[in-house]
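Single-structure report; data block below.
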Amino acid sequence: MIGARRTVFTSVSHGSRTHSLLDFRRGLQSTRHKLAAVLGATEVPPVVASSHSDVDITPFFDHPRLSSGSHIATPYSSIPKSHQWTGKQTGLFGQAELGSPQEFLQLADRTVNRARLLVDRICKSRQDRREMSKVVKNLDRLSDMLCVVIDAAELIRHVHPDRAWVEAANMAYENLCSYMNVLNTNVDLYEVLSAVMNDREISSSFTYEQRQTALIFLRDFERSGIHLPPDARHSFVSLSDDIITLGREFTHPSTSTASSVKITTRDLEGLPLRAKAHIASRANFRGKIKVTPGSWEAIMLSKHSPNEELRKELYVADLKMDKDRVTVLENLLRARDQLARLLGKPSFAAWTLEDKMAKTTDNVLYFLRSLAEYQRPLAHAEIQRLANLKQTHLGLPSTPIVDAWDRDFYSTRLEAQSRDPALGESTPLFSAGSVFQALSRLFSRIYGLRLVPKDVLTGETWHPEVKKLEVVDESEGVIGIIYVDLWARAGKHSGAAHYTVRCSRRIDDDDVEGDFQSPFGQQLRESGQAEIPTNNGATFPSKKGVFQLPIAALVCEFEPSSSSKVMSALTWPEVSTLFHEMGHAMHSMIGRTEYHNVSGTRCSTDFVELPSILMEKFLASPAVLSLFPSNPSAPIPSHPELLQQIRRITPLPSLDTHAQILLATLDQVYHSPIVSSPNFSSTTELHKLQDTLGLFPSVPNTAWQIHFGHLYGYGATYYSYLFDRAIARKVWRTIFEKDPLSRESGEKYKNEVLKFGGGKDPWQMIGQLLNLPEVEGGDIKAMEAVGRWGADE
């Protein structure tokens with residue numbers, strides 16, 4: 001989830017963006033519970049030394065925490081010595097060069113110096129045919145050289161508890177981004193790469209990985225307008241700046257004050273007792289209460305108040321037309337359209353989709369229509385259930401229309417009616433250790449991989465609670481490292497995310513000596529001003545050459561226990577989040593390619609969520625549930641109990657999916673040529689879609705689109721998550737459903753999909769995995785076929 005595609009030398013941190021994609025999965029928020037409720041004040045045994053067995057994972061994660069709650073002191077120097085790292089001193093991620101904030105800034109400076117040498121070498125490549133054949137490799141090295149630092153900075157600035165580290169990471173990030181902006185406009189680099197691509201003798205020998213890497217660079221150069229004449233390039237820069245400004249303004253919380261809805265204590269009828277008492281306590285002496293639209297109070301009233309007029313009033317107030325914000329959105333859409341036309345494209349969507357699996361707007365719309373046809377009966381069945389409840393509740397003689405403000409109220413009643421009293425009301429709880437042990441057992445069964453706990457050296461992680469796992473292949477040894485940071489604390493970035501700190505790539509053919517052939521290069525080498533971390537890498541029986549090991553970080557913000565003596569517990573949605581993010585992490589570990597730019601999760605944005613969504617399918621399987629270790633104090637719930645929990649979280653999954661189809665369609669409309677029309681109205685287009693494709697009638701004087709923040713971050717690509725859900729469903733049903741623990745199926749998926757990262761056409765991966773050659777072309781028929789696979793069971 002995952003994130004926006006980089007420009008030429010920017011990195012893809014499937015960290016800061018993954019959590020945004022997780023927002024697509026509705027209903028994953030629930031009240032968190034502590035394991036203390038189950039275990040009382042039972043103390044947890046101390047950590048035991050690892051014997052590289054999966055039984056070691058549970059205590060590795062479930063030992064007593066450092067302090068209570070999320071109020072861990074910052075900076076980390078204030079943590080008691082007994083809880084800090086021990087052993088040999090090193091730097092972050094085991095890099096001695098990252099031992100302090102100042103050293104981080106020095107590394108950033110040396111990296112820029114080192115990059116300049118490589119840029120100079122590439123620009124002079126046309127003087128030597130041998131150097132021309134190395135241009136793509138050297139561009140990829142340059143990208144990796146910069147990404148290793150900027151990806152580390154991206155992680156550190158979001159998670160480090162020490163302000164000095166955060167400031168250093170921000171400065172390193174900004175300095176490197178500034179340098180990358182210079183590279184993005186380096187005409188010499190672009191012309192050398194173009195010459196290589198046009199040299200048939202050289203380009204005809206490219207592997208798919210090499211050609212794909214070259215095309216990524218070429219397209220991203222041109223996406224920066226580098227090939228435009230001076231006047232057009234000036235306009236390109238101006239429009240790009242406008243888009244950034246408008247995007248920030250659109251996604252920033254509105255400064256306008258929403259009109260409150262006035263209610264009385266009588267309007268609290270039907271609410272749960274605690275909520276009723278809490279809201280009633282805010283009444284004035286006349287018994288009046290002001291409710292802010294979108295607030296917790298408004299949500300409780302929407303879910304529980306039998307007063308339909310009140311629910312409608314709250315709904316309309318929340319989505320009330322804000323003309324200023326509508327204007328900002330429409331200016332953003334028009335600026336994007338102008339930018340695309342400046343580049344010779346008919347629309348922003350056409351420009352954006354060129355390098356995606358979908359390729360064109362028409363293909364996306366065919367997929368969405370096909371998916372809607374599959375989903376419509378399921379969604380209508382859920383609407384009918386709500387309509388039946390409304391008819392009964394109001395005592396009507398015929399089936400009524402279900403309006404948008406009815407949904408939450410009647411879905412709450414529906415969930416209550418479908419609850420099985422025999423299964424109880426408790427929320428299933430899992431310890432973090434039991435989840436990672438189940439994950440290790442699953443990966444061992446299907447991939448031949450284990451998660452092995454490792455002690456960290458002093459300074460290796462940004463906080464003592466961060467855990468280190470080696471990913472160990474049964475035949476190839478260690479293939480990568482994952483750092484795990486689960487618990488909320490002061491100053492930590494919110495949400496769940498997978499960060500790529502370092503990608504796998506081949507390094508034995510780097511020809512580093514060639515970078516220092518100039519007198520300036522020799523001078524920098526002697527002064528140490530271009531010294532960057534060296535990487536010995538590793539060899540693997542299955543691949544020729546030496547590869548650097550990938551490093552990933554899995555960062556969450558789960559609520560910790562309130563007692564340092566009691567291990568923290570995870571709810572079902574949190575376990576689902578962990579499985580999802582580990583899908584990304586394993587893609588990073590297994591996706592071993594020769595080029596950094598196509599390694600692991602560095603693949604098309606409408607393909608990258610497949611591994612993570614598929615992991616959620618595994619979690620819902622009874623076979624995988626059996627891999628969780630048993631605990632008499634906190635027994636693993638039965639499959640029926642978990643199904644009830646899932647229904648409680650998402651009681652109307654097909655309605656949710658249909659809503660996503662509507663939004664994905666709206667996203668395509670907003671980025672189509674229609675935006676250039678002087679009569680374009682984002683509100684009119686939204687209401688038109690709601691009344692044709694939607695399941696609830698449009699509501700006058702509302703403008704839901706101003707709340708659709710993903711229009712900025714995922715412009716013209718909002719369909720991607722639905723697309724990968726459909727593919728994941730097909731992969732699950734075809735490959736894994738009959739036997740989720742099959743090694744044969746796991747190896748097939750690993751070898752046909754995961755190991756290629758972005759180094760193979762994803763349509764070919766899917767077609768060969770599923771034995772469906774008809775989809776390998778990735779044409780409009782393939783898109784329709786994916787839609788027919790459906791997203792929901």
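Residues in the structure tokens are numbered from 1 in each chain, the chains being A, B, ... in the order shown, and ligands are numbered from 1 in the order shown.
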Distance query Ala349 in chain A at most 7 Å, only C-alpha atoms, self and fewer than 4 positions along chain excluded, as number ranges by chain: A: 353, 361, 668, 671-672, 716
Could you take the residues named above and write them with all heavy atoms, as a short mmCIF file (atom, residue, chain, number, x, y, z; two decimals), in the first residue's frame?
```cif
data_model
loop_
_atom_site.label_atom_id
_atom_site.label_comp_id
_atom_site.auth_asym_id
_atom_site.auth_seq_id
_atom_site.Cartn_x
_atom_site.Cartn_y
_atom_site.Cartn_z
N LEU A 353 -1.09 5.93 -16.04
CA LEU A 353 -1.30 4.49 -16.18
C LEU A 353 -0.37 3.81 -17.18
O LEU A 353 -0.40 2.59 -17.31
CB LEU A 353 -2.75 4.21 -16.58
CG LEU A 353 -3.82 4.61 -15.56
CD1 LEU A 353 -5.21 4.52 -16.17
CD2 LEU A 353 -3.71 3.74 -14.31
N THR A 361 -6.97 4.07 -19.20
CA THR A 361 -8.21 4.35 -18.47
C THR A 361 -9.31 3.38 -18.87
O THR A 361 -10.06 2.88 -18.01
CB THR A 361 -8.67 5.79 -18.73
OG1 THR A 361 -7.65 6.70 -18.31
CG2 THR A 361 -9.95 6.11 -17.98
N GLN A 668 -11.14 7.80 -11.78
CA GLN A 668 -10.87 7.80 -13.22
C GLN A 668 -11.58 8.96 -13.92
O GLN A 668 -11.01 9.62 -14.79
CB GLN A 668 -11.29 6.47 -13.85
CG GLN A 668 -10.46 5.28 -13.40
CD GLN A 668 -8.98 5.43 -13.73
OE1 GLN A 668 -8.63 5.72 -14.88
NE2 GLN A 668 -8.13 5.24 -12.74
N HIS A 671 -9.85 12.24 -13.44
CA HIS A 671 -8.55 12.39 -14.11
C HIS A 671 -8.65 12.07 -15.60
O HIS A 671 -7.67 11.68 -16.23
CB HIS A 671 -7.51 11.49 -13.43
CG HIS A 671 -7.18 11.95 -12.04
ND1 HIS A 671 -7.74 11.36 -10.92
CD2 HIS A 671 -6.40 12.96 -11.60
CE1 HIS A 671 -7.29 11.98 -9.84
NE2 HIS A 671 -6.48 12.95 -10.21
N SER A 672 -9.85 12.24 -16.15
CA SER A 672 -10.11 12.03 -17.57
C SER A 672 -10.15 13.37 -18.30
O SER A 672 -10.12 14.44 -17.66
CB SER A 672 -11.45 11.30 -17.75
OG SER A 672 -12.53 12.18 -17.42
N ALA A 716 -5.66 8.66 -10.05
CA ALA A 716 -5.82 7.74 -11.19
C ALA A 716 -5.39 6.31 -10.90
O ALA A 716 -5.42 5.46 -11.78
CB ALA A 716 -5.07 8.26 -12.43
#
```
Within 7 Å of Met589 in chain A using only C-alpha atoms, minus same-chain residues under 5 positions, as a PyMOL selection string: chain A and resi 479-480+550+600
Could you please take those selected residues and save all heavy atoms as a PDB file, in the first residue's frame?
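So selection-v2.pdb came out as:
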```
ATOM      1  N   ILE A 479      18.732 -14.786   4.252  1.00  0.00           N
ATOM      2  CA  ILE A 479      18.440 -14.070   3.003  1.00  0.00           C
ATOM      3  C   ILE A 479      18.017 -12.626   3.251  1.00  0.00           C
ATOM      4  O   ILE A 479      17.842 -11.866   2.292  1.00  0.00           O
ATOM      5  CB  ILE A 479      17.350 -14.786   2.182  1.00  0.00           C
ATOM      6  CG1 ILE A 479      16.015 -14.796   2.932  1.00  0.00           C
ATOM      7  CG2 ILE A 479      17.779 -16.195   1.815  1.00  0.00           C
ATOM      8  CD1 ILE A 479      14.843 -15.248   2.074  1.00  0.00           C
ATOM      9  N   GLY A 480      17.865 -12.230   4.522  1.00  0.00           N
ATOM     10  CA  GLY A 480      17.495 -10.852   4.802  1.00  0.00           C
ATOM     11  C   GLY A 480      17.226 -10.637   6.278  1.00  0.00           C
ATOM     12  O   GLY A 480      17.240 -11.580   7.085  1.00  0.00           O
ATOM     13  N   PRO A 550      18.733  -7.786   1.771  1.00  0.00           N
ATOM     14  CA  PRO A 550      17.721  -6.744   2.018  1.00  0.00           C
ATOM     15  C   PRO A 550      17.494  -6.539   3.513  1.00  0.00           C
ATOM     16  O   PRO A 550      17.621  -7.469   4.318  1.00  0.00           O
ATOM     17  CB  PRO A 550      16.473  -7.305   1.344  1.00  0.00           C
ATOM     18  CG  PRO A 550      16.657  -8.790   1.377  1.00  0.00           C
ATOM     19  CD  PRO A 550      18.137  -9.016   1.221  1.00  0.00           C
ATOM     20  N   GLY A 600      12.087  -6.804  -4.990  1.00  0.00           N
ATOM     21  CA  GLY A 600      11.045  -6.926  -3.974  1.00  0.00           C
ATOM     22  C   GLY A 600       9.810  -6.110  -4.293  1.00  0.00           C
ATOM     23  O   GLY A 600       9.157  -6.282  -5.315  1.00  0.00           O
TER      24      GLY A 600
END
```
Residue set, range 554-714 of chain A restricted to alpha helix (DSSP H), as a ChimeraX atom specification: /A:572-590,610-619,622-625,639-649,653-670,682-692,710-713
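Every protein, DNA or RNA residue with an atom at most 8 Å from Met197 in chain A, where only C-alpha atoms count and chain neighbours fewer than 5 positions away do not, is listed here: Ile202, Ser203 and Ala214 of chain A.
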Could the residues in this selection be saved with N, CA, C and O atoms as a PDB file, in the first residue's frame?
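In the end it all went to out_14.pdb:
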```pdb
ATOM      1  N   ILE A 202      23.614  -2.658 -28.191  1.00  0.00           N
ATOM      2  CA  ILE A 202      23.646  -2.746 -26.725  1.00  0.00           C
ATOM      3  C   ILE A 202      22.287  -3.178 -26.174  1.00  0.00           C
ATOM      4  O   ILE A 202      22.189  -4.134 -25.397  1.00  0.00           O
ATOM      5  N   SER A 203      21.216  -2.491 -26.559  1.00  0.00           N
ATOM      6  CA  SER A 203      19.910  -2.734 -25.950  1.00  0.00           C
ATOM      7  C   SER A 203      19.331  -4.093 -26.314  1.00  0.00           C
ATOM      8  O   SER A 203      18.528  -4.655 -25.554  1.00  0.00           O
ATOM      9  N   ALA A 214      15.973   0.143 -17.196  1.00  0.00           N
ATOM     10  CA  ALA A 214      16.265   1.260 -18.100  1.00  0.00           C
ATOM     11  C   ALA A 214      15.002   2.060 -18.408  1.00  0.00           C
ATOM     12  O   ALA A 214      15.023   3.301 -18.414  1.00  0.00           O
TER      13      ALA A 214
END
```
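With only C-alpha atoms as the atoms that count, the minimum distance from Leu642 in chain A to the choices A:Arg114, A:His158, A:Arg419, A:His584 is reached by A:Arg419.
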So that each row is one residue of range 676-786 of chain A with an atom at most 9 Å from range 239-260 of chain A, can you give its shortest atom pair and the distance in Å to one decimal, using only C-alpha atoms, rows by chain and rising number, as a Markdown table?
```
| residue | atom | partner | partner_atom | distance |
| --- | --- | --- | --- | --- |
| A:Ile706 | CA | A:Phe250 | CA | 7.6 |
| A:His707 | CA | A:Thr251 | CA | 8.4 |
| A:Phe708 | CA | A:Thr251 | CA | 8.6 |
| A:Gly709 | CA | A:Thr251 | CA | 5.5 |
| A:His710 | CA | A:Thr251 | CA | 8.4 |
| A:Leu711 | CA | A:Gly247 | CA | 8.9 |
| A:Tyr712 | CA | A:Gly247 | CA | 5.8 |
| A:Gly713 | CA | A:Gly247 | CA | 8.4 |
```
A:Val546, A:Val512, A:Cys556, A:Leu329 ranked by distance to Ser494 in chain A, top pick (using only C-alpha atoms):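 Among the listed residues, the smallest separation from Ser494 in chain A belongs to A:Cys556.
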Residue nearest Ser194 in chain A - candidates A:Phe217, A:Tyr595, A:Trp296, A:Trp732, atoms counted: only C-alpha atoms: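 Among the listed residues, the smallest separation from Ser194 in chain A belongs to A:Phe217.
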Give me, as a list of chain:residue names, all polymer residues having an atom no more than 8 Å from Val291 in chain A, counting only C-alpha atoms and skipping those fewer than 2 positions away in the same chain.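 What passes the distance filter is A:Ser260, A:Val261, A:Lys262, A:Ile263, A:Ile289, A:Pro293, A:Ser295, A:Glu297, A:Ala298.
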Counting only C-alpha atoms, the option among A:Asp724, A:Asp455, A:Asp406, A:Glu465 closest to Leu486 in chain A: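 Looking at the shortest contact to Leu486 in chain A, the residue is A:Glu465.
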Counting only C-alpha atoms, which residue out of A:Val456, A:Val328, A:Leu333, A:Leu183 sits closest to Ile674 in chain A?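 So, comparing all the options, the nearest one is A:Leu333.
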